[in-house]
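Structure data follow from query-v9.cif (mmCIF, C-alpha atoms):
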```cif
data_data
loop_
_atom_site.label_atom_id
_atom_site.label_comp_id
_atom_site.auth_asym_id
_atom_site.auth_seq_id
_atom_site.Cartn_x
_atom_site.Cartn_y
_atom_site.Cartn_z
CA MET A 18 133.75 121.16 156.86
CA ASP A 19 133.92 119.64 160.30
CA ASP A 20 130.34 118.97 161.43
CA ILE A 21 130.90 120.33 164.92
CA ASN A 22 131.90 123.76 163.70
CA LYS A 23 129.81 123.78 160.55
CA GLN A 24 127.28 126.40 161.60
CA LEU A 25 129.93 128.63 163.18
CA LYS A 26 132.00 128.53 160.02
CA LYS A 27 129.10 129.11 157.68
CA GLY A 28 128.20 132.27 159.54
CA VAL A 29 131.46 133.98 158.67
CA LEU A 30 132.21 132.36 155.33
CA GLU A 31 130.82 135.17 153.21
CA ILE A 32 132.94 137.75 155.03
CA LEU A 33 136.07 135.63 154.66
CA ILE A 34 135.53 135.13 150.95
CA LEU A 35 134.95 138.85 150.46
CA LYS A 36 138.11 139.53 152.46
CA LEU A 37 140.20 137.21 150.28
CA LEU A 38 138.81 138.80 147.14
CA THR A 39 139.79 142.25 148.38
CA LEU A 40 143.39 140.99 148.16
CA ARG A 41 143.16 139.70 144.59
CA ASP A 42 140.89 137.93 142.12
CA MET A 43 140.71 134.19 142.77
CA TYR A 44 139.10 131.07 141.30
CA GLY A 45 137.09 128.55 143.32
CA TYR A 46 139.78 125.97 143.87
CA GLN A 47 142.20 128.71 144.87
CA LEU A 48 139.74 130.11 147.41
CA ILE A 49 139.47 126.69 149.05
CA GLN A 50 143.26 126.44 149.27
CA GLU A 51 143.69 129.98 150.59
CA LEU A 52 141.01 129.51 153.25
CA ASP A 53 142.67 126.28 154.34
CA GLU A 54 146.23 127.62 154.43
CA ALA A 55 145.49 131.04 155.89
CA SER A 56 143.38 129.54 158.69
CA HIS A 57 145.87 126.73 159.36
CA GLY A 58 143.30 124.13 158.50
CA VAL A 59 140.40 125.60 160.46
CA PHE A 60 138.51 126.53 157.29
CA ARG A 61 138.96 123.36 155.25
CA MET A 62 136.06 123.82 152.85
CA LYS A 63 134.27 121.32 150.68
CA GLU A 64 133.16 122.35 147.22
CA GLY A 65 129.51 122.03 148.19
CA SER A 66 129.96 124.62 150.92
CA LEU A 67 131.95 127.11 148.91
CA TYR A 68 130.14 127.37 145.58
CA PRO A 69 126.63 128.06 146.91
CA VAL A 70 128.12 130.96 148.90
CA LEU A 71 129.79 132.23 145.73
CA TYR A 72 126.42 131.95 143.95
CA ARG A 73 124.72 134.01 146.65
CA LEU A 74 127.44 136.66 146.57
CA GLU A 75 127.32 136.79 142.79
CA ASP A 76 123.52 136.97 142.68
CA ASP A 77 123.67 139.83 145.20
CA GLN A 78 126.25 141.53 142.94
CA PHE A 79 128.87 141.58 145.69
CA ILE A 80 131.24 139.66 143.42
CA GLU A 81 131.40 138.97 139.69
CA SER A 82 133.06 136.25 137.69
CA TYR A 83 135.04 136.07 134.49
CA TRP A 84 136.88 133.35 132.62
CA GLU A 85 140.59 133.49 132.00
CA GLN A 86 143.05 131.15 130.37
CA VAL A 87 146.34 131.30 132.24
CA ASN A 88 149.61 131.33 130.31
CA ASP A 89 150.37 127.65 130.71
CA ARG A 90 148.79 125.98 127.65
CA ARG A 91 148.15 122.75 129.54
CA SER A 92 145.94 124.42 132.09
CA VAL A 93 142.17 124.75 131.71
CA PRO A 94 140.37 128.12 131.59
CA ARG A 95 139.57 129.27 135.10
CA LYS A 96 136.58 131.09 136.43
CA TYR A 97 137.87 133.97 138.48
CA TYR A 98 135.87 135.93 140.99
CA ARG A 99 136.43 139.60 141.78
CA ILE A 100 134.83 141.79 144.37
CA THR A 101 132.63 144.67 143.19
CA ALA A 102 132.34 148.15 144.69
CA ARG A 103 129.08 147.02 146.22
CA GLY A 104 130.88 143.99 147.62
CA ARG A 105 133.53 146.17 149.28
CA THR A 106 130.82 148.23 150.95
CA GLU A 107 129.09 145.07 152.08
CA TYR A 108 132.38 143.69 153.38
CA LYS A 109 132.95 146.79 155.55
CA ARG A 110 129.41 146.65 156.85
CA ALA A 111 129.57 142.93 157.61
CA LEU A 112 132.96 143.29 159.24
CA ASP A 113 131.68 145.99 161.59
CA GLU A 114 128.74 143.77 162.41
CA LEU A 115 131.00 140.80 163.06
CA LYS A 116 133.20 142.85 165.36
CA ARG A 117 130.20 143.95 167.40
CA PHE A 118 129.01 140.34 167.47
CA ILE A 119 132.35 139.04 168.74
CA THR A 120 132.55 141.82 171.32
CA GLY A 121 129.10 140.82 172.53
CA ILE A 122 130.10 137.17 172.76
CA TYR A 123 133.21 137.97 174.78
CA ALA A 124 131.21 140.27 177.04
CA ILE A 125 129.05 137.30 177.95
CA LEU A 126 131.89 134.79 178.19
CA ASP A 127 133.76 137.13 180.51
CA LEU A 128 130.89 137.34 182.96
CA GLY A 129 132.03 136.22 186.39
CA GLY A 130 135.68 136.43 185.42
CA LYS A 131 137.68 134.24 183.04
CA MET B 7 139.90 111.16 132.56
CA VAL B 8 137.18 113.30 131.00
CA ASP B 9 134.72 110.39 131.05
CA ARG B 10 135.50 109.64 134.68
CA VAL B 11 134.97 113.29 135.66
CA GLU B 12 131.76 113.64 133.64
CA ALA B 13 130.37 110.45 135.14
CA TYR B 14 131.17 111.75 138.63
CA ILE B 15 129.55 115.12 137.97
CA GLY B 16 126.54 113.38 136.45
CA GLU B 17 126.12 111.32 139.62
CA VAL B 18 126.40 114.42 141.80
CA ILE B 19 123.76 116.23 139.77
CA ASN B 20 121.46 113.20 139.80
CA CYS B 21 121.56 113.19 143.59
CA MET B 22 120.45 116.82 143.77
CA VAL B 23 116.98 118.26 144.05
CA VAL B 24 117.50 121.76 142.71
CA GLU B 25 116.17 123.66 139.73
CA ASP B 26 117.66 122.92 136.32
CA GLY B 27 119.41 126.28 135.93
CA LEU B 28 121.28 125.74 139.17
CA LYS B 29 122.20 122.19 138.14
CA HIS B 30 123.91 123.54 135.03
CA ARG B 31 125.72 126.16 137.09
CA ILE B 32 126.96 123.57 139.59
CA ALA B 33 127.99 121.10 136.87
CA SER B 34 129.99 123.79 135.09
CA ASP B 35 131.76 124.90 138.26
CA LEU B 36 132.49 121.34 139.39
CA ARG B 37 133.96 120.55 135.97
CA THR B 38 136.32 123.54 136.10
CA HIS B 39 137.11 122.88 139.73
CA ILE B 40 138.07 119.24 139.18
CA GLN B 41 140.08 120.03 136.06
CA THR B 42 142.00 122.69 137.95
CA ALA B 43 142.65 120.35 140.87
CA CYS B 44 143.80 117.65 138.46
CA GLU B 45 146.68 119.87 137.32
CA THR B 46 148.48 118.99 140.54
CA ASP B 47 146.85 115.71 141.58
CA SER B 48 145.50 112.64 139.83
CA VAL B 49 141.80 112.48 139.12
CA GLU B 50 141.34 109.64 141.60
CA VAL B 51 143.00 111.61 144.39
CA VAL B 52 140.87 114.66 143.62
CA LEU B 53 137.60 112.75 143.50
CA ASN B 54 138.41 110.78 146.65
CA ARG B 55 139.17 114.02 148.44
CA MET B 56 135.83 115.48 147.35
CA GLY B 57 133.92 112.47 148.62
CA SER B 58 131.15 110.37 147.13
CA PRO B 59 128.74 112.05 144.68
CA ALA B 60 125.96 111.74 147.27
CA GLU B 61 128.13 113.50 149.88
CA VAL B 62 128.98 116.32 147.48
CA ALA B 63 125.32 116.70 146.53
CA LYS B 64 124.29 116.80 150.20
CA GLU B 65 126.92 119.43 150.98
CA PHE B 66 125.65 121.59 148.11
CA MET B 67 122.03 121.21 149.10
CA ASP B 68 122.78 121.90 152.76
CA SER B 69 124.32 125.20 151.73
CA ILE B 70 121.78 126.07 149.06
CA TYR B 71 118.82 125.51 151.37
CA GLU B 72 120.57 126.99 154.38
CA ASP B 73 118.64 130.22 154.01
CA LYS B 74 115.06 129.03 154.11
CA SER B 75 113.51 132.49 154.54
CA GLU B 76 112.10 132.42 151.00
CA VAL B 77 110.47 129.07 151.64
CA ILE B 78 109.06 130.38 154.92
CA ASP B 79 107.70 133.51 153.18
CA ARG B 80 106.00 131.34 150.60
CA LEU B 81 104.48 129.08 153.24
CA ILE B 82 103.16 132.08 155.16
CA LYS B 83 101.58 133.50 151.99
CA GLN B 84 99.98 130.14 151.22
CA LYS B 85 98.74 129.86 154.79
CA THR B 86 97.34 133.40 154.68
CA MET B 87 95.50 132.71 151.44
CA THR B 88 94.10 129.48 152.84
CA GLU B 89 92.94 131.27 155.98
CA ARG B 90 91.31 133.96 153.90
CA MET B 91 89.51 131.39 151.84
CA MET B 92 88.44 129.53 154.97
CA HIS B 93 87.05 132.64 156.61
CA GLY B 94 85.83 134.32 153.50
CA TYR B 95 87.38 137.36 151.93
CA GLU B 96 86.19 140.84 151.19
CA TYR B 97 87.89 143.86 149.73
CA LYS B 98 86.13 147.08 148.90
CA SER B 99 88.02 149.97 147.39
CA ARG B 100 87.57 153.40 148.94
CA THR B 101 87.06 154.97 145.53
CA THR B 102 83.43 154.98 144.55
CA ILE B 103 81.62 155.86 141.34
CA LEU B 104 77.89 156.57 141.48
CA GLY B 105 77.84 155.14 144.97
CA LEU B 106 79.42 151.88 143.92
CA PRO B 107 82.94 150.89 144.95
CA LEU B 108 85.37 150.84 142.06
CA VAL B 109 86.42 147.34 143.08
CA HIS B 110 84.53 144.94 145.29
CA ILE B 111 85.80 141.44 145.91
CA ARG B 112 83.76 139.15 148.08
CA PHE B 113 84.00 135.40 148.61
CA ARG B 114 82.03 133.36 151.07
CA SER B 115 83.63 131.53 153.95
CA ARG B 116 84.33 127.88 153.34
CA HIS B 117 82.30 127.24 156.50
CA ASP B 118 79.30 128.56 154.61
CA VAL B 119 79.58 125.63 152.24
CA VAL B 120 78.25 123.32 154.92
CA ARG B 121 75.94 125.88 156.53
CA ILE B 122 72.96 127.09 154.62
CA ARG B 123 73.49 130.81 154.25
CA PRO B 124 72.79 133.22 151.45
CA PHE B 125 75.74 133.76 149.15
CA PRO B 126 77.48 137.08 149.63
CA VAL B 127 77.26 139.31 146.60
CA ALA B 128 80.05 141.49 145.31
CA LYS B 129 78.72 144.72 143.86
CA GLY B 130 80.99 147.26 142.25
CA ILE B 131 82.15 148.80 139.04
CA ILE B 132 84.53 145.87 138.99
CA ALA B 133 83.02 143.01 140.95
CA ILE B 134 84.66 139.70 141.74
CA GLY B 135 83.15 136.98 143.87
CA ASP B 136 80.95 133.94 144.19
CA ILE B 137 78.17 136.15 142.89
CA ALA B 138 79.36 139.30 141.19
CA ILE B 139 77.35 142.20 139.87
CA GLY B 140 79.16 145.03 138.15
CA VAL B 141 80.05 146.81 134.96
CA VAL B 142 82.85 144.26 134.77
CA SER B 143 81.99 141.14 136.73
CA VAL B 144 83.89 137.96 137.35
CA GLY B 145 82.52 135.14 139.43
CA GLY B 146 80.70 131.88 139.84
CA ILE B 147 77.63 133.79 138.78
CA ALA B 148 78.50 137.05 137.06
CA LEU B 149 76.08 139.72 136.01
CA GLY B 150 76.93 142.99 134.32
CA GLY B 151 78.08 144.73 131.20
CA PHE B 152 81.12 142.56 130.66
CA SER B 153 80.82 139.28 132.49
CA LEU B 154 83.00 136.26 132.97
CA GLY B 155 81.82 133.36 135.05
CA GLY B 156 80.49 129.87 135.43
CA VAL B 157 77.12 131.38 134.66
CA SER B 158 77.45 134.81 133.17
CA LEU B 159 75.00 137.40 132.00
CA GLY B 160 76.62 140.30 130.22
CA LEU B 161 74.65 142.92 128.43
CA LEU B 162 77.52 143.61 126.07
CA LEU B 163 79.87 140.66 126.37
CA SER B 164 79.46 137.47 128.27
CA LEU B 165 81.91 134.61 128.62
CA GLY B 166 81.31 131.51 130.64
CA GLY B 167 80.24 127.92 130.95
CA CYS B 168 76.73 129.21 130.43
CA ALA B 169 76.77 132.66 128.87
CA LEU B 170 73.92 134.99 128.10
CA GLY B 171 74.47 138.37 126.58
CA GLY B 172 74.73 140.70 123.64
CA ILE B 173 77.77 138.79 122.51
CA ALA B 174 77.83 135.45 124.31
CA ILE B 175 80.67 132.99 124.23
CA GLY B 176 80.49 129.76 126.18
CA GLY B 177 79.68 126.10 126.45
CA LEU B 178 76.06 127.15 126.21
CA ALA B 179 75.79 130.59 124.67
CA ILE B 180 72.65 132.57 124.20
CA GLY B 181 72.82 136.04 122.75
CA LEU B 182 72.32 138.34 119.84
CA LEU B 183 75.61 136.94 118.64
CA ALA B 184 76.31 133.59 120.24
CA PHE B 185 79.39 131.39 119.96
CA GLY B 186 79.51 128.08 121.75
CA GLY B 187 79.19 124.34 121.95
CA ALA B 188 75.49 124.98 121.88
CA ALA B 189 74.66 128.45 120.60
CA MET B 190 71.32 130.16 120.36
CA GLY B 191 70.77 133.65 119.10
CA LEU B 192 69.98 136.03 116.37
CA CYS B 193 73.20 134.83 114.86
CA ALA B 194 74.43 131.57 116.37
CA ILE B 195 77.69 129.83 115.63
CA GLY B 196 78.62 126.56 117.30
CA GLY B 197 78.56 122.80 117.45
CA VAL B 198 74.80 122.98 117.59
CA ALA B 199 73.54 126.37 116.46
CA MET B 200 70.01 127.64 116.53
CA GLY B 201 69.06 131.10 115.38
CA GLU B 202 67.84 133.40 112.72
CA ILE B 203 71.21 132.80 111.10
CA ALA B 204 72.80 129.56 112.31
CA MET B 205 76.17 128.12 111.45
CA GLY B 206 77.52 124.91 112.87
CA GLY B 207 77.83 121.15 112.82
CA VAL B 208 74.10 121.09 113.30
CA ALA B 209 72.49 124.34 112.18
CA LEU B 210 68.84 125.17 112.58
CA GLY B 211 67.58 128.56 111.42
CA ASN B 212 66.05 130.69 108.79
CA VAL B 213 69.51 130.65 107.27
CA ALA B 214 71.35 127.46 108.13
CA ILE B 215 74.92 126.81 107.09
CA GLY B 216 76.80 123.72 108.16
CA ASN B 217 76.85 119.99 108.08
CA GLU B 218 73.39 118.96 109.22
CA VAL B 219 71.18 121.86 108.26
CA ASP B 220 67.51 122.68 108.48
CA GLY B 221 65.94 125.98 107.49
CA ASN B 222 64.50 128.09 104.75
CA PHE B 223 67.85 128.99 103.27
CA ILE B 224 70.38 126.24 103.66
CA LEU B 225 73.93 125.53 102.64
CA SER B 226 75.47 122.19 103.51
CA ASN B 227 79.01 121.02 103.04
CA LYS B 228 77.61 117.60 102.36
CA VAL B 229 76.86 118.89 98.89
CA ALA B 230 79.89 121.06 98.24
CA PRO B 231 82.55 122.92 100.25
CA ILE B 232 81.19 126.12 101.71
CA THR B 233 82.74 129.12 100.05
CA LYS B 234 82.58 132.74 101.07
CA GLU B 235 80.79 133.60 97.84
CA ALA B 236 78.13 130.93 98.29
CA ALA B 237 77.48 131.98 101.91
CA TYR B 238 77.33 135.63 100.87
CA ALA B 239 74.79 134.90 98.16
CA LEU B 240 72.65 132.82 100.52
CA ILE B 241 72.54 135.40 103.31
CA LYS B 242 71.98 138.25 100.85
CA THR B 243 69.07 136.33 99.31
CA ALA B 244 67.49 135.76 102.73
CA TYR B 245 68.14 139.31 103.95
CA PRO B 246 68.49 141.66 100.98
CA LYS B 247 68.38 144.75 103.21
CA LEU B 248 71.03 143.54 105.63
CA THR B 249 74.04 145.84 105.71
CA ASP B 250 76.67 144.64 103.32
CA TRP B 251 79.61 144.56 105.77
CA ILE B 252 77.66 142.34 108.11
CA VAL B 253 76.87 139.94 105.29
CA ARG B 254 80.51 139.89 104.28
CA LEU B 255 81.60 139.27 107.86
CA LEU B 256 79.15 136.42 108.32
CA SER B 257 80.03 134.85 104.99
CA SER B 258 83.72 135.04 105.89
CA ILE B 259 83.02 133.29 109.18
CA ALA B 260 80.98 130.65 107.38
CA SER B 261 83.81 129.90 104.99
CA LEU B 262 86.37 129.78 107.78
CA ILE B 263 84.49 127.36 109.97
CA SER B 264 85.39 123.80 109.22
CA PHE B 265 82.23 121.77 109.46
CA ARG B 266 82.63 118.07 109.97
CA SER B 267 81.67 116.23 106.82
CA ASN B 268 80.47 112.68 106.79
#
```
Mind converting the file's structure to structure tokens?
Amino acid sequence: MDDINKQLKKGVLEILILKLLTLRDMYGYQLIQELDEASHGVFRMKEGSLYPVLYRLEDDQFIESYWEQVNDRRSVPRKYYRITARGRTEYKRALDELKRFITGIYAILDLGGK
Amino acid sequence: MVDRVEAYIGEVINCMVVEDGLKHRIASDLRTHIQTACETDSVEVVLNRMGSPAEVAKEFMDSIYEDKSEVIDRLIKQKTMTERMMHGYEYKSRTTILGLPLVHIRFRSRHDVVRIRPFPVAKGIIAIGDIAIGVVSVGGIALGGFSLGGVSLGLLLSLGGCALGGIAIGGLAIGLLAFGGAAMGLCAIGGVAMGEIAMGGVALGNVAIGNEVDGNFILSNKVAPITKEAAYALIKTAYPKLTDWIVRLLSSIASLISFRSN
């Protein structure tokens, strides 16, 4: 991740990962690609930033993992992550919190006119 | 390719300071991650994109140790404990039995080490402290029914560096039944044992069983290995009225103890 925006990005990374997993199950490499493409390069993650977040989410039982061999025989088994019911609840809670947070930020930034 | 990837992962892991379980988890995920990425790109391209092993390790550790609240909690607990020890500590339970608190814990302040002050005494059914007096007592000096301490006096059971009691177990043990490096008692078992019945490397007593023995009734493994039967016969001869199960118990202990032979 870009050093300048590192802390900003880390703050919302868990929510974004949970969001992506509400769409479908994904493996680590795929999550990195999706974050990069969907954000038009804003969230270009390194492995060292992604996996510890996945570990935290998994340890908190917000997501769970399973191994799957895709049809192509040449490919390696992949470790997929899926969101749990607890994870969906957490996602909604965190999203509400984030919205309030952003509203608060804009309220301050708008002081004195734009 | 596999060797190149494994070497890379090995270097990443070597750069990390995390617990072993987490290292395995990271290594496994990196392996799968790289293999997946190598389905579309060459291994060199993938590894170059990831960065040097040290950079990858740093990125992981930055994220892993991002939430330091657990570390802070631990530091606060350690600090609190240190403060308590510095200023002394006392806890007395509200529940009392016969006027004594069920639990009383009392340690002196570390400042008292340099000032000459009387040691605080913990007194309770369960007492813990520098000096502890209770039915169950644990402390530097422990007195009570069941005592554990540097110096302990327990009417029933006493364990400690120096233990005195009904049953005493310690470096120096003195009791009706004493076990220890040096044991003295009605029945003493230890490296050096002195008593009415003594068993040990050096045994001095009316009945003495061991390696170096002195007494009226002696059994030494210098002559022959000590058997249960021989010990039984010796003790029974010395104390014909002694209850049989006690004699059997003592003779069993005698046969089990391995006395050093010259």
Just so the selection is clear, what residues does the PyMOL selection byres ((chain B and resi 52) around 12) cover here, as a PyMOL selection string? (chain A and resi 46+63-64) or (chain B and resi 7+10-11+14+36-37+39-51+53-58)
Create the file for the chosen residues now, containing C-alpha atoms and written as a compact mmCIF listing (two decimals), in the coordinates of the input.
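Ended up saving to again_22.txt:
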```txt
# COMPACT_ATOMS: atom_id res chain seq x y z
CA TYR A 46 139.78 125.97 143.87
CA LYS A 63 134.27 121.32 150.68
CA GLU A 64 133.16 122.35 147.22
CA MET B 7 139.90 111.16 132.56
CA ARG B 10 135.50 109.64 134.68
CA VAL B 11 134.97 113.29 135.66
CA TYR B 14 131.17 111.75 138.63
CA LEU B 36 132.49 121.34 139.39
CA ARG B 37 133.96 120.55 135.97
CA HIS B 39 137.11 122.88 139.73
CA ILE B 40 138.07 119.24 139.18
CA GLN B 41 140.08 120.03 136.06
CA THR B 42 142.00 122.69 137.95
CA ALA B 43 142.65 120.35 140.87
CA CYS B 44 143.80 117.65 138.46
CA GLU B 45 146.68 119.87 137.32
CA THR B 46 148.48 118.99 140.54
CA ASP B 47 146.85 115.71 141.58
CA SER B 48 145.50 112.64 139.83
CA VAL B 49 141.80 112.48 139.12
CA GLU B 50 141.34 109.64 141.60
CA VAL B 51 143.00 111.61 144.39
CA LEU B 53 137.60 112.75 143.50
CA ASN B 54 138.41 110.78 146.65
CA ARG B 55 139.17 114.02 148.44
CA MET B 56 135.83 115.48 147.35
CA GLY B 57 133.92 112.47 148.62
CA SER B 58 131.15 110.37 147.13
```
Wanna dump the chain B-chain A contacts at 6 Å for me, each residue with its shortest atom pair and the distance in Å to one decimal, counting all atoms listed in the file, ordered by chain and number, as a Markdown table?
```
| residue | atom | partner | partner_atom | distance |
| --- | --- | --- | --- | --- |
| B:His39 | CA | A:Tyr46 | CA | 5.8 |
| B:Val62 | CA | A:Gly65 | CA | 5.8 |
| B:Glu65 | CA | A:Gly65 | CA | 4.6 |
| B:Phe66 | CA | A:Gly65 | CA | 3.9 |
| B:Ser69 | CA | A:Ser66 | CA | 5.7 |
| B:Ile70 | CA | A:Pro69 | CA | 5.7 |
```
Run the PyMOL selection byres ((chain A and resi 32-42) around 10) against the file shown and list the residues it catches, as a ChimeraX atom specification. /A:26-31,43-44,47-49,51-52,55,60,67,70-71,74,79-83,96-101,104-105,107-112,115
Centre and size of axis-aligned box enclosing segment 35-47 of chain A plus 6 Å each side, as JSON:
```
{"center_x": 139.2, "center_y": 134.1, "center_z": 146.9, "size_x": 20.4, "size_y": 28.3, "size_z": 23.2}
```
A straight line from atom CA of Gly140 of chain B to atom CA of Val109 of chain B spans 9.1 Å
For the structure shown, which residues end up in the PyMOL selection byres ((chain B and resi 175) around 6)? Put them as a PDB file with C-alpha atoms, in the frame of the given file, please?
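The resulting file, out_22.pdb, is shown below:
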```pdb
ATOM      1  CA  LEU B 165      81.910 134.610 128.620  1.00  0.00           C
ATOM      2  CA  ALA B 174      77.830 135.450 124.310  1.00  0.00           C
ATOM      3  CA  GLY B 176      80.490 129.760 126.180  1.00  0.00           C
ATOM      4  CA  ALA B 179      75.790 130.590 124.670  1.00  0.00           C
ATOM      5  CA  ALA B 184      76.310 133.590 120.240  1.00  0.00           C
ATOM      6  CA  PHE B 185      79.390 131.390 119.960  1.00  0.00           C
ATOM      7  CA  GLY B 186      79.510 128.080 121.750  1.00  0.00           C
TER       8      GLY B 186
END
```
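Atom to atom, atom CA of Phe223 of chain B and atom CA of Ala244 of chain B stand 6.8 Å apart.
Comparing the minimum interatomic distances between Leu183 of chain B and each of B:Leu159, B:Val198, B:Pro246, B:Ala204, counting all atoms listed in the file, we find that B:Ala204 sits nearest.
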Record the distance separating atom CA of Ala188 of chain B and atom CA of Ile252 of chain B, expressed in Å with one decimal.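 For atom CA of Ala188 of chain B relative to atom CA of Ile252 of chain B, the distance reads 22.3 Å.
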Extract, using all atoms listed in the file, all DNA, RNA and protein residues at most 6 Å from segment 253-258 of chain B, discarding same-chain residues fewer than 3 positions from it, and format them as a list in words. Lys234, Ala237, Tyr238, Asp250 and Ser261 of chain B
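Residue nearest Met67 of chain B within the list B:Ile203, B:Ile147, B:Cys168, B:Ile19: B:Ile19 [criterion: smallest interatomic distance, only C-alpha atoms].
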Name the residues within 7 Å of (77.9, 144.5, 129.5), counting all atoms listed in the file in the file's coordinates, and put them as a list in words.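 It turns out the residues near that spot are Val141, Gly150, Gly151, Phe152, Ser153, Gly160, Leu161, Leu162 and Leu163 of chain B.
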Which residues, written as a tab-separated table (two decimals) with C-alpha atoms, in the coordinates of the input, have at least one atom at most 6 Å from segment 208-219 of chain B, with only C-alpha atoms counted and residues fewer than 6 positions away on the same chain left out?
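Saved as selection-v8.tsv:
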```
chain	number	residue	atom	x	y	z
B	198	VAL	CA	74.80	122.98	117.59
B	199	ALA	CA	73.54	126.37	116.46
B	200	MET	CA	70.01	127.64	116.53
B	201	GLY	CA	69.06	131.10	115.38
B	202	GLU	CA	67.84	133.40	112.72
B	225	LEU	CA	73.93	125.53	102.64
B	226	SER	CA	75.47	122.19	103.51
B	227	ASN	CA	79.01	121.02	103.04
B	265	PHE	CA	82.23	121.77	109.46
```
Kindly reconstruct segment 99-112 of chain A with N, CA, C and O atoms and present the result as a compact mmCIF listing (two decimals), keeping the file's coordinate frame.
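The result, written out as out33.txt:
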```txt
# COMPACT_ATOMS: atom_id res chain seq x y z
N ARG A 99 135.89 138.33 141.27
CA ARG A 99 136.43 139.60 141.78
C ARG A 99 135.34 140.32 142.56
O ARG A 99 134.16 140.20 142.26
N ILE A 100 135.79 141.07 143.53
CA ILE A 100 134.83 141.79 144.37
C ILE A 100 134.40 143.07 143.66
O ILE A 100 135.20 143.71 142.96
N THR A 101 133.14 143.44 143.82
CA THR A 101 132.63 144.67 143.19
C THR A 101 132.67 145.80 144.22
O THR A 101 132.92 145.57 145.40
N ALA A 102 132.39 147.00 143.76
CA ALA A 102 132.34 148.15 144.69
C ALA A 102 131.26 147.91 145.74
O ALA A 102 131.45 148.17 146.93
N ARG A 103 130.16 147.34 145.29
CA ARG A 103 129.08 147.02 146.22
C ARG A 103 129.53 145.97 147.24
O ARG A 103 129.16 146.01 148.40
N GLY A 104 130.35 145.04 146.74
CA GLY A 104 130.88 143.99 147.62
C GLY A 104 131.80 144.56 148.68
O GLY A 104 131.80 144.11 149.83
N ARG A 105 132.60 145.55 148.30
CA ARG A 105 133.53 146.17 149.28
C ARG A 105 132.73 146.88 150.37
O ARG A 105 133.08 146.82 151.55
N THR A 106 131.68 147.56 149.96
CA THR A 106 130.82 148.23 150.95
C THR A 106 130.19 147.20 151.89
O THR A 106 130.15 147.38 153.10
N GLU A 107 129.72 146.12 151.29
CA GLU A 107 129.09 145.07 152.08
C GLU A 107 130.11 144.44 153.04
O GLU A 107 129.79 144.13 154.19
N TYR A 108 131.33 144.27 152.55
CA TYR A 108 132.38 143.69 153.38
C TYR A 108 132.62 144.56 154.62
O TYR A 108 132.70 144.05 155.74
N LYS A 109 132.71 145.87 154.41
CA LYS A 109 132.95 146.79 155.55
C LYS A 109 131.79 146.72 156.55
O LYS A 109 131.98 146.69 157.75
N ARG A 110 130.59 146.70 155.98
CA ARG A 110 129.41 146.65 156.85
C ARG A 110 129.38 145.35 157.65
O ARG A 110 129.18 145.34 158.87
N ALA A 111 129.62 144.24 156.95
CA ALA A 111 129.57 142.93 157.61
C ALA A 111 130.69 142.78 158.63
O ALA A 111 130.50 142.16 159.67
N LEU A 112 131.83 143.38 158.32
CA LEU A 112 132.96 143.29 159.24
C LEU A 112 132.66 144.04 160.54
O LEU A 112 132.93 143.54 161.64
```
